[in-house]
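Worksheet: one structure, shown below.
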There are 2 protein chains.
Amino acid sequence: MLTRSEEDHIKAVHALLEVGGSASTTEVAERLGTKASSVTVMLKKLADKGLMKHEPYYGVKLTAKGKAAALMLVRKHRLWETFLVDRLGFGWEEVHEVAEQLEHVRSTKLIDSLSEYLGNPAFDPHGDPIPDRNGRFPSRSTVLLTDCPLGAAIRIAAVQDGSDGLLQLLNRKGIGIGMELAVAARQEFDGSVDLQPAKGATITLSAMVAAHLLVEATGTKAKSSH
Amino acid sequence: MLTRSEEDHIKAVHALLEVGGSASTTEVAERLGTKASSVTVMLKKLADKGLMKHEPYYGVKLTAKGKAAALMLVRKHRLWETFLVDRLGFGWEEVHEVAEQLEHVRSTKLIDSLSEYLGNPAFDPHGDPIPDRNGRFPSRSTVLLTDCPLGAAIRIAAVQDGSDGLLQLLNRKGIGIGMELAVAARQEFDGSVDLQPAKGATITLSAMVAAHLLVEATGTKAKSSH
DNA sequence: ATTATTTTTTAGGCTTGCCTAATCTTTATT
DNA sequence: AATAAAGATTAGGCAAGCCTAAAAAATAAT
Ligand SMILES: [Mn+2]
Ligand SMILES: [Mn+2]
Ligand SMILES: [Mn+2]
Ligand SMILES: [Mn+2]
């Protein structure tokens, strides 16, 4: 049985491996707000427990067992976030901290019932995919808004690494998951993009914001750029 | 800010004061599955924090601050139990352990939203009263089934200290909170009682079970015993 | 190739929360 | 009242998780 701290380390390692392919001691420490020396000890312990493979001085990889544990935590975290937003009326920028606690509650019946209660959602309030009880992710093809051709018809699919501040900004701009828009313009100078909703005023997003938005092509009215 | 262990100690002390008017070191230890020596130290710490008054060798009382903390924990525990039963379809004998974890999740917004989402319930699945956000209990007058006059028309109000085993027994007998019955007979020999539902067969409960059931008089058809 | 810098690990400490064993205190028995 | 028993506290230890400081290894810069 894993302690809360062990779970947090596994989750951090998993998240780092997802994006960068490697998880270093310092990166894990930064993410958890602890020191590298503490992380070294913990990762060694988790390696002894068979959840990770620890190559001293070269970082760590998850074993199948470790990966399964990580995916279950991701599942729990995202299901709770979905509950908080869909059922309790939390804003998407308010849920992370609470889900960070709820994800550690131990009960498989609880999490499976919760999933069913929510209609077995495939994506959380930030558009992040929710693994099913076997650890499988829903499939979907997305692209960064930054890389979207001019004129493309798109749907907002997810906000990547959304800090509360970024999410609040999107609230104020009226941008949310599932929203359909057209890429109306892109400024050479600063990389900002103008998005055109079906009705209403154009929304301008900075390059910095666009780099955090994953979108799906809605296909129908896409126009290739030239 | 209180640790999980501190919270568990406060809750245990509160529960003991409720029933017996006193909370001894050993009683707290039994309840928490720890040793008296550990409890002594913890209670002293909580006294230093202003949550309890510790009279060495004579047990402990809660201060106003300590009582408020205890009531908030009771509130959280019972709201989560209600959520698990009403929304997630848990049986009332399955919820205690999970609620024991959920009650420690820290977020006032969470608990107030949850309460509202559930319709601000006044009683949990076991019939126990849920304090409101100010720590006030709903009022209700109940009596032990054991003390009920023969012929009385009653409604099952609560199961006191219901172990999972007792709750399962009640499931099998078809007894649940809110059920209306008449006290049809009581055996001198073993103190068992026969209960008559509006329709269906008579249900016999042992004295041991009856001693755990709180009931309300439904008034209308009450007949005093003689 | 050395040397300097950065990263990781090891060593030694500290706090929390638990334990056992020994020492009071209080309460019950003779 | 003296003694026995029960209950509570103190003393000393231990494991988990964290820290800082020192040592070791890998990487970068001359
Ligand atoms: Mn967490
Ligand atoms: Mn999320
Ligand atoms: Mn608890
Ligand atoms: Mn209950």
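Ordered as shown in the structure tokens, chains take letters A, B, and onward, while each chain numbers its residues from 1 and ligands are numbered from 1 in the order shown.
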
- Task: Can you check which residues of chain A have any atom within 8 Å of chain D? Use only C-alpha atoms (C1' of nucleotides) and format it as a PyMOL selection string.
- Result: chain A and resi 34-35+38+57

- Counting only C-alpha atoms (C1' of nucleotides), which residues of chain B come no farther than 12 Å from chain C, as JSON, numbers by chain? {"B": [3, 4, 5, 6, 29, 32, 33, 34, 35, 36, 37, 38, 39, 41, 42, 45, 56, 57, 58]}

- Query: Which chain B residues are at most 10 Å from chain A (counting only C-alpha atoms), as number ranges by chain?
  - Reply: B: 84, 87-90, 94-95, 97-102, 104-107, 109-118

- Message: I need the strand (DSSP E) residues of segment 163-226 of chain B per DSSP on the backbone, written as an NGL selection string.
- Response: :B and (180-186 or 193-197 or 203-205 or 213-217)

Go ahead and write the residues just picked, N, CA, C and O atoms, as a compact mmCIF listing (two decimals), in the first residue's frame.
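Wrote it out as again14.txt, contents follow:
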```txt
# COMPACT_ATOMS: atom_id res chain seq x y z
N GLU B 180 -42.10 2.87 8.83
CA GLU B 180 -43.12 3.02 9.87
C GLU B 180 -43.67 1.67 10.28
O GLU B 180 -43.97 0.82 9.45
N LEU B 181 -43.79 1.50 11.59
CA LEU B 181 -44.15 0.20 12.14
C LEU B 181 -44.95 0.38 13.42
O LEU B 181 -44.99 1.46 13.99
N ALA B 182 -45.55 -0.71 13.86
CA ALA B 182 -46.18 -0.72 15.18
C ALA B 182 -45.48 -1.75 16.05
O ALA B 182 -45.06 -2.80 15.56
N VAL B 183 -45.33 -1.43 17.33
CA VAL B 183 -44.72 -2.38 18.27
C VAL B 183 -45.79 -3.40 18.64
O VAL B 183 -46.66 -3.15 19.45
N ALA B 184 -45.72 -4.57 18.03
CA ALA B 184 -46.81 -5.55 18.13
C ALA B 184 -46.68 -6.43 19.38
O ALA B 184 -47.68 -6.82 19.97
N ALA B 185 -45.46 -6.74 19.77
CA ALA B 185 -45.28 -7.63 20.93
C ALA B 185 -43.88 -7.51 21.46
O ALA B 185 -42.97 -7.07 20.76
N ARG B 186 -43.73 -7.88 22.73
CA ARG B 186 -42.39 -7.89 23.32
C ARG B 186 -42.31 -9.11 24.22
O ARG B 186 -43.18 -9.31 25.09
N VAL B 193 -38.54 -7.93 20.34
CA VAL B 193 -39.77 -7.23 19.97
C VAL B 193 -40.24 -7.64 18.59
O VAL B 193 -39.44 -7.89 17.69
N ASP B 194 -41.58 -7.68 18.43
CA ASP B 194 -42.17 -7.93 17.12
C ASP B 194 -42.67 -6.60 16.58
O ASP B 194 -43.39 -5.87 17.28
N LEU B 195 -42.28 -6.32 15.34
CA LEU B 195 -42.72 -5.07 14.72
C LEU B 195 -43.63 -5.40 13.55
O LEU B 195 -43.36 -6.29 12.75
N GLN B 196 -44.71 -4.62 13.44
CA GLN B 196 -45.68 -4.87 12.38
C GLN B 196 -45.66 -3.73 11.37
O GLN B 196 -46.03 -2.61 11.69
N PRO B 197 -45.22 -4.02 10.15
CA PRO B 197 -45.30 -2.99 9.11
C PRO B 197 -46.74 -2.81 8.63
O PRO B 197 -47.60 -3.66 8.91
N ILE B 203 -41.90 -8.47 11.79
CA ILE B 203 -40.44 -8.58 11.87
C ILE B 203 -40.05 -8.68 13.33
O ILE B 203 -40.45 -7.85 14.14
N THR B 204 -39.27 -9.70 13.65
CA THR B 204 -38.82 -9.87 15.03
C THR B 204 -37.37 -9.42 15.18
O THR B 204 -36.51 -9.82 14.40
N LEU B 205 -37.15 -8.56 16.19
CA LEU B 205 -35.79 -8.11 16.45
C LEU B 205 -35.38 -8.50 17.86
O LEU B 205 -36.18 -8.38 18.80
N LEU B 213 -31.60 0.79 18.06
CA LEU B 213 -32.51 1.52 17.19
C LEU B 213 -33.18 2.68 17.91
O LEU B 213 -33.80 2.51 18.96
N LEU B 214 -33.03 3.86 17.33
CA LEU B 214 -33.75 5.03 17.82
C LEU B 214 -34.99 5.20 16.96
O LEU B 214 -34.92 5.13 15.74
N VAL B 215 -36.12 5.47 17.62
CA VAL B 215 -37.36 5.63 16.86
C VAL B 215 -38.09 6.89 17.30
O VAL B 215 -37.87 7.42 18.38
N GLU B 216 -38.94 7.37 16.38
CA GLU B 216 -39.81 8.50 16.70
C GLU B 216 -41.23 7.95 16.84
O GLU B 216 -41.62 7.04 16.10
N ALA B 217 -41.98 8.54 17.75
CA ALA B 217 -43.39 8.19 17.82
C ALA B 217 -44.09 8.87 16.65
O ALA B 217 -43.88 10.06 16.41
```

- Task: Give the helix (DSSP H, G or I) residues of segment 111-182 of chain A, as DSSP finds them on the backbone, and put them as a VMD selection string.
- Result: chain A and resid 111 to 117 145 to 147 164 to 173

What would the file look like if the residues just selected were written as a PDB file, in the first residue's frame with N, CA, C and O atoms?
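Listed below is the output, result28.pdb:
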```pdb
ATOM      1  N   ILE A 111     -14.220   4.972  -6.717  1.00  0.00           N
ATOM      2  CA  ILE A 111     -13.830   5.633  -7.957  1.00  0.00           C
ATOM      3  C   ILE A 111     -14.631   5.085  -9.138  1.00  0.00           C
ATOM      4  O   ILE A 111     -15.003   5.828 -10.047  1.00  0.00           O
ATOM      5  N   ASP A 112     -14.920   3.804  -9.113  1.00  0.00           N
ATOM      6  CA  ASP A 112     -15.717   3.251 -10.205  1.00  0.00           C
ATOM      7  C   ASP A 112     -17.163   3.763 -10.142  1.00  0.00           C
ATOM      8  O   ASP A 112     -17.758   4.073 -11.170  1.00  0.00           O
ATOM      9  N   SER A 113     -17.704   3.869  -8.929  1.00  0.00           N
ATOM     10  CA  SER A 113     -19.060   4.413  -8.794  1.00  0.00           C
ATOM     11  C   SER A 113     -19.101   5.865  -9.239  1.00  0.00           C
ATOM     12  O   SER A 113     -20.041   6.301  -9.908  1.00  0.00           O
ATOM     13  N   LEU A 114     -18.076   6.602  -8.852  1.00  0.00           N
ATOM     14  CA  LEU A 114     -18.032   8.017  -9.224  1.00  0.00           C
ATOM     15  C   LEU A 114     -18.002   8.156 -10.739  1.00  0.00           C
ATOM     16  O   LEU A 114     -18.731   8.975 -11.314  1.00  0.00           O
ATOM     17  N   SER A 115     -17.163   7.355 -11.381  1.00  0.00           N
ATOM     18  CA  SER A 115     -17.065   7.416 -12.835  1.00  0.00           C
ATOM     19  C   SER A 115     -18.425   7.150 -13.482  1.00  0.00           C
ATOM     20  O   SER A 115     -18.872   7.882 -14.371  1.00  0.00           O
ATOM     21  N   GLU A 116     -19.071   6.111 -12.991  1.00  0.00           N
ATOM     22  CA  GLU A 116     -20.373   5.770 -13.549  1.00  0.00           C
ATOM     23  C   GLU A 116     -21.379   6.894 -13.299  1.00  0.00           C
ATOM     24  O   GLU A 116     -22.132   7.290 -14.183  1.00  0.00           O
ATOM     25  N   TYR A 117     -21.353   7.424 -12.083  1.00  0.00           N
ATOM     26  CA  TYR A 117     -22.272   8.506 -11.716  1.00  0.00           C
ATOM     27  C   TYR A 117     -22.113   9.700 -12.638  1.00  0.00           C
ATOM     28  O   TYR A 117     -23.086  10.373 -12.993  1.00  0.00           O
ATOM     29  N   LEU A 145      -2.979  25.196 -30.829  1.00  0.00           N
ATOM     30  CA  LEU A 145      -3.561  26.329 -31.547  1.00  0.00           C
ATOM     31  C   LEU A 145      -2.469  27.106 -32.277  1.00  0.00           C
ATOM     32  O   LEU A 145      -2.669  27.613 -33.383  1.00  0.00           O
ATOM     33  N   THR A 146      -1.296  27.151 -31.663  1.00  0.00           N
ATOM     34  CA  THR A 146      -0.136  27.819 -32.251  1.00  0.00           C
ATOM     35  C   THR A 146       0.156  27.315 -33.670  1.00  0.00           C
ATOM     36  O   THR A 146       0.601  28.064 -34.541  1.00  0.00           O
ATOM     37  N   ASP A 147      -0.087  26.012 -33.878  1.00  0.00           N
ATOM     38  CA  ASP A 147       0.258  25.402 -35.159  1.00  0.00           C
ATOM     39  C   ASP A 147      -0.920  25.317 -36.115  1.00  0.00           C
ATOM     40  O   ASP A 147      -0.855  24.601 -37.119  1.00  0.00           O
ATOM     41  N   ASP A 164      -3.965  28.500 -12.575  1.00  0.00           N
ATOM     42  CA  ASP A 164      -5.220  29.159 -12.250  1.00  0.00           C
ATOM     43  C   ASP A 164      -5.325  30.491 -12.994  1.00  0.00           C
ATOM     44  O   ASP A 164      -6.390  30.872 -13.482  1.00  0.00           O
ATOM     45  N   GLY A 165      -4.185  31.177 -13.098  1.00  0.00           N
ATOM     46  CA  GLY A 165      -4.174  32.469 -13.766  1.00  0.00           C
ATOM     47  C   GLY A 165      -4.586  32.356 -15.226  1.00  0.00           C
ATOM     48  O   GLY A 165      -5.423  33.125 -15.710  1.00  0.00           O
ATOM     49  N   LEU A 166      -4.023  31.383 -15.920  1.00  0.00           N
ATOM     50  CA  LEU A 166      -4.378  31.181 -17.329  1.00  0.00           C
ATOM     51  C   LEU A 166      -5.861  30.850 -17.473  1.00  0.00           C
ATOM     52  O   LEU A 166      -6.555  31.385 -18.345  1.00  0.00           O
ATOM     53  N   LEU A 167      -6.345  29.993 -16.599  1.00  0.00           N
ATOM     54  CA  LEU A 167      -7.751  29.586 -16.693  1.00  0.00           C
ATOM     55  C   LEU A 167      -8.677  30.773 -16.430  1.00  0.00           C
ATOM     56  O   LEU A 167      -9.717  30.922 -17.082  1.00  0.00           O
ATOM     57  N   GLN A 168      -8.276  31.614 -15.499  1.00  0.00           N
ATOM     58  CA  GLN A 168      -9.081  32.807 -15.234  1.00  0.00           C
ATOM     59  C   GLN A 168      -9.083  33.738 -16.438  1.00  0.00           C
ATOM     60  O   GLN A 168     -10.112  34.319 -16.795  1.00  0.00           O
ATOM     61  N   LEU A 169      -7.939  33.880 -17.076  1.00  0.00           N
ATOM     62  CA  LEU A 169      -7.865  34.699 -18.284  1.00  0.00           C
ATOM     63  C   LEU A 169      -8.831  34.169 -19.339  1.00  0.00           C
ATOM     64  O   LEU A 169      -9.585  34.917 -19.953  1.00  0.00           O
ATOM     65  N   LEU A 170      -8.829  32.843 -19.511  1.00  0.00           N
ATOM     66  CA  LEU A 170      -9.726  32.255 -20.517  1.00  0.00           C
ATOM     67  C   LEU A 170     -11.187  32.491 -20.126  1.00  0.00           C
ATOM     68  O   LEU A 170     -12.029  32.755 -20.989  1.00  0.00           O
ATOM     69  N   ASN A 171     -11.470  32.415 -18.834  1.00  0.00           N
ATOM     70  CA  ASN A 171     -12.833  32.740 -18.368  1.00  0.00           C
ATOM     71  C   ASN A 171     -13.220  34.130 -18.843  1.00  0.00           C
ATOM     72  O   ASN A 171     -14.308  34.331 -19.386  1.00  0.00           O
ATOM     73  N   ARG A 172     -12.333  35.082 -18.616  1.00  0.00           N
ATOM     74  CA  ARG A 172     -12.657  36.463 -18.965  1.00  0.00           C
ATOM     75  C   ARG A 172     -12.818  36.644 -20.464  1.00  0.00           C
ATOM     76  O   ARG A 172     -13.635  37.443 -20.915  1.00  0.00           O
ATOM     77  N   LYS A 173     -12.035  35.885 -21.245  1.00  0.00           N
ATOM     78  CA  LYS A 173     -12.161  35.981 -22.705  1.00  0.00           C
ATOM     79  C   LYS A 173     -13.359  35.178 -23.220  1.00  0.00           C
ATOM     80  O   LYS A 173     -13.694  35.251 -24.393  1.00  0.00           O
TER      81      LYS A 173
END
```
